[in-house]
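J.: Please find one structure pasted underneath; my questions will follow.
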Amino acid sequence: MKQYFDTIVSGIEAKIAADPMEKTPRKLYALEISRLGHRLYSGEGVAWCGIVAPFDLLSAMGVTSCFVEFIGAMLASTGIAGEFLEEAEHIGFTSDICGYHRSIMGAANKGAMPEPDCLIATTTPCSGGVAVMENLARHFKKKLFVLNIPRQMSKSSVAYLAGQIRQMAGFVAAHTGKPLDEERLKEAVIKTNEARAVLEEVYELASSVPSPVNSRMLANFGIVITLLLGTDAAVTVTKAFRDDFAQKVATKTGGVPNEKTRLLWIQNRIQFKNPLVDMLEKQFGAVVVIDELNSITWDAIDPDDPYTGMAERAISIPFNGDGSRRIENLKKLAKKYKVDGAINPCNWGCRQGSGARGLISEGLKEIGVPVLNLEVDCVDTRSFSEGQLRTRIEAFVEMLG
Amino acid sequence: MKNKEKIGFMCAYTPLALIDAAGYAPYRILPSEACEDRAGHLLHDNLCPNIKKILDRALAGDVPDLAGVVFVNSCDAMRRLADAWQHVRKDDRIIWIDLPSSIDAMAHAYVQGQVEQMGRTLLSWSGSPMDPMAVEKSITSFNRICAHLSELAPAFASGAIPGGYAAMQALYNKASTRDFTTTLEEIEPMPGKTPAPKHDAVPVYLFGNVLPDPKAFDMFESCGAMIADADFCTGSRLFSPVTGGQKDVYSRLTSHLMTKPQCARSFDPALPGEIAKTTLSRARAVNAAGVIGHVIKFCDPYLERLPGIREHFKKNNMPLLILEGDCTLRSMGQQRTRIEAFIEMLM
């Protein structure tokens, strides 16, 4: 994987150096993510984390951090998850478990996951995510810290989580030898806030008709960009998208020519290469204009009280708390982006995400947005029934008119 | 006393003594095979069968009148059940206990706040005054229930009291669905410490999550097992006594939630994989010849930890059989041959 990330980094850098026009937002984004991948696999000061860990705080400490599901997605997108999924099943992980988590455990067992200095689990979004962190801690014989994310926003719940984040910083310092400098944390928070403000512009522009995005441009973006928060990279990447979108919106240039149908993608994308999104665009002019996780649900963080703001941010994500909150967020996005329909891959093995599919369908139906529920393991190609999925998607988009 | 209003609950982390103290009967909404299988429409077919079968009961109107329902933020499936429950039974009043996965002093303070809030809410519903003495009394009653059940379990398992472990499970089920007084009236006269007769069956330790059907235990015994001890959230795990010396009853209840025998979703981050060691030492403590784990399908907290448990048992030469089920005897029945072969191997 290190070689993979190195190749991408050097490839993109060479292309941009040769031709500044190659400096597209998506390339810049891929470059920064690959640089992160490179650091992770270089193996110094690494913390494997859960999805809502405060990556900006960790970054301010000089710790390279990443949620482990990112590795599952990378393995799938590069087409090598299969051997790790098989390895996980060989050591006893049933195929009913989330594909992200299986591939990670298989990779760890085969020595394809870098050894971290420590691990930080987060109880949101899922129970499986906490279990995989416990398993990794056992596997690597490294210390684990658990951030218990309260299910609701209240004064006491925010104070509880803020206290845990403060404790976590001490834990990370003890296990990486990198203490937290409060001034550096302030600077990181300022950068987080700057990126957050630009992200709001990015999402506002993406909601235009026609949308400046194509179906791949912001795929996985909302969740992955959090890994860069607190750094200049997040600001650079978000600004690149904003400027690109602003120019397209001003000239009414769609990300896909002749955009006909606008779609909302629920939860996460299918991570391995597949023809479905191309088919939607080319055959039907149907564009995924919004992914569920591409929204900002948190306020700017007070640099003088970062722990409180970081706690509020973690509690605010729509996957946390009551399903009704998640559904309200989906309705808000569906209206804002003027979508015609929604696709839910219902990632097999994801109890957290797929468990609410019936309620999500009913909720979106209330505002006239039909939902297509698929049955896909977003990481495991072995259960991918392309023919069936094509037929169902075709029927769905035709129905949308 | 027989006509107390009921408070529904589904998770073994629910503080039953608090429900009793507020003048209600705790009523565990157990999964049932009797209702039509409809929950997959609102949830997903790949969700915990226990949760789906509980929701099927709500969809079929197979739930008694409830004064309210307590949900514990214990796992994804429970959270999704809460969403669907509120959709199906819109008028139910809900209490949440937000229970962290790992335990420390900060978590204790946070959970105590939840427990106190639960107490206040229940009392506001019942109109009773806040009275720590009532909570104290309920804790005492609850502990009496736990003590008796814990004495009865080996007596049923060994055959000293007729009925086998199925009768014990039936008692657990009754104790979790009615008021404390009625339970105590039934179990206190039962002879708990009757000397155990000699038994030819193979002592086996059982563990897992949800297994409320008494007939399932009949099946284990009919395969030649003597259930030396069992750790399920529908059994002994729900009835572990409230201990601790804190004066404050809420603090004591909180400690209880955090220190009682744990479901796989709770763990100490300083000791990753400890569930394997705990399970093995409990099995050894009752001289089990082997261990059977019964885990319901799609239960991530258990499924993701089973490989670690298997590895630890293998290292320590303790035979282990893992069964995956869906809370019904139908799925258990399909496993009969495996259970028989396992018991034969232990003989």
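By order of appearance in the structure tokens: chains A, B, ..., then residues from 1 within every chain, and ligands from 1 in the order shown.
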For chain A versus chain B, which residues have an atom no more than 8 Å away, and what is each residue's nearest atom pair and distance in Å rounded to one decimal, using only C-alpha atoms, chain-then-number order, as a tab-separated table?

T.:
```
residue	atom	partner	partner_atom	distance
A:Ile91	CA	B:Pro307	CA	6.5
A:Gly92	CA	B:Pro307	CA	5.0
A:Phe93	CA	B:Pro307	CA	6.4
A:Thr94	CA	B:Leu303	CA	7.2
A:Asp96	CA	B:Phe298	CA	6.4
A:Ile97	CA	B:Asp300	CA	6.7
A:Thr123	CA	B:Ser101	CA	7.3
A:Cys126	CA	B:Asp76	CA	6.1
A:Ser127	CA	B:Cys75	CA	5.6
A:Gly128	CA	B:Asp300	CA	5.3
A:Ala131	CA	B:Glu304	CA	6.1
A:Val132	CA	B:Glu304	CA	6.9
A:Glu134	CA	B:Pro272	CA	5.4
A:Asn135	CA	B:Gly273	CA	6.9
A:Ala137	CA	B:Pro272	CA	6.4
A:Arg138	CA	B:Pro272	CA	5.5
A:Lys143	CA	B:Ala270	CA	6.7
A:Leu144	CA	B:Pro269	CA	5.5
A:Phe145	CA	B:Pro269	CA	6.1
A:Val146	CA	B:Ser102	CA	6.7
A:Asn148	CA	B:Pro100	CA	5.5
A:Ile149	CA	B:Pro100	CA	7.8
A:Pro150	CA	B:Asp98	CA	6.7
A:Arg151	CA	B:Asp98	CA	6.8
A:Ser156	CA	B:Tyr110	CA	7.4
A:Ser157	CA	B:Tyr110	CA	7.5
A:Tyr160	CA	B:Tyr110	CA	6.6
A:Gly163	CA	B:Met106	CA	7.8
A:Gln164	CA	B:Met106	CA	7.8
A:Gly321	CA	B:Arg79	CA	7.9
A:Asp322	CA	B:Asp83	CA	6.4
A:Gly323	CA	B:Asp83	CA	5.6
A:Ser324	CA	B:Asp83	CA	7.1
A:Trp348	CA	B:Asn46	CA	7.3
A:Gly349	CA	B:Asn46	CA	6.9
A:Arg351	CA	B:Leu47	CA	6.0
A:Gln352	CA	B:Asp76	CA	5.1
A:Ser354	CA	B:His44	CA	6.3
A:Gly355	CA	B:Leu43	CA	4.8
A:Ala356	CA	B:Leu43	CA	5.2
A:Arg357	CA	B:Leu43	CA	6.0
A:Gly358	CA	B:Leu42	CA	4.0
A:Leu359	CA	B:Leu42	CA	5.8
```

J.: Run DSSP on the backbone of this structure and report the residues of range 16-198 of chain A it assigns to strand (DSSP E or B), as a VMD selection string.

T.: chain A and resid 46 to 49 64 to 67 118 to 122 144 to 147

J.: Could you take the residues named above and write them with C-alpha atoms, as a compact mmCIF listing (two decimals), in the first residue's frame?

T.:
```txt
# COMPACT_ATOMS: atom_id res chain seq x y z
CA VAL A 46 0.26 6.73 13.79
CA ALA A 47 -3.12 6.42 15.50
CA TRP A 48 -5.82 4.21 14.03
CA CYS A 49 -9.17 5.71 14.84
CA THR A 64 -0.94 10.82 11.63
CA SER A 65 -4.44 9.54 12.15
CA CYS A 66 -7.08 7.89 10.08
CA PHE A 67 -10.31 5.98 10.57
CA CYS A 118 -2.09 3.64 19.70
CA LEU A 119 -5.77 3.32 18.78
CA ILE A 120 -8.83 5.48 19.38
CA ALA A 121 -12.25 3.91 18.98
CA THR A 122 -15.43 5.95 18.68
CA LEU A 144 -6.73 1.57 23.03
CA PHE A 145 -8.75 4.61 24.07
CA VAL A 146 -12.52 4.67 23.60
CA LEU A 147 -14.38 7.89 22.93
```

J.: Need the shell around range 226-228 of chain A: protein/DNA/RNA residues with any atom at most 10 Å away, counting only C-alpha atoms. Skip same-chain ones fewer than 5 positions apart. Format as a list in words?

T.: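 Answer for this query is Tyr29, Glu32, Ile33, Leu36, Ile51, Val52, Ala53, Pro54, Phe55, Asp56, Leu58, Ser59, Thr64, Ser65, Cys66, Phe67, Phe70, Lys191, Thr192, Ala195, Arg196, Phe221, Ala233, Ala234, Val235 and Val237 of chain A.
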
J.: Using only C-alpha atoms, which residues sit within 7 Å of Leu211 in chain B once same-chain residues fewer than 6 positions away are excluded, as a VMD selection string?

T.: chain B and resid 232 234 327

J.: Contacts of Val189 in chain A at 10 Å or less, counting only C-alpha atoms, minus same-chain residues fewer than 5 places along, as a count of residues only?

T.: 19

J.: At a cut-off of 12 Å, using only C-alpha atoms, what residues contact Val242 in chain B? Leave out same-chain residues fewer than 5 positions from it and give the result as JSON, numbers by chain.

T.: {"B": [13, 15, 16, 17, 18, 135, 136, 137, 138, 139, 140, 141, 142, 143, 144, 145, 146, 147, 237, 249, 250, 251, 252, 253, 254, 255, 256, 257, 258, 259, 260, 261]}

J.: Set the distance at 12 Å and use only C-alpha atoms: which residues neighbour Ser331 in chain B once local chain neighbours fewer than 3 positions away are removed? I'd like the list as a ChimeraX atom specification.

T.: /B:33,49,211,213,216,219,294-297,323-328,334-336

J.: Within range 163-302 of chain A, find each residue whose DSSP state, derived from the backbone, is alpha helix (DSSP H), and express the selection as an MDAnalysis selection string.

T.: chainID A and resid 163:176 182:206 221:224 232:250 276:284

J.: Please compute the CA of Gly111 in chain A-CA of Ala73 in chain A distance, one decimal, in Å.

T.: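 Computed distance, CA of Gly111 in chain A to CA of Ala73 in chain A, equals 17.2 Å.
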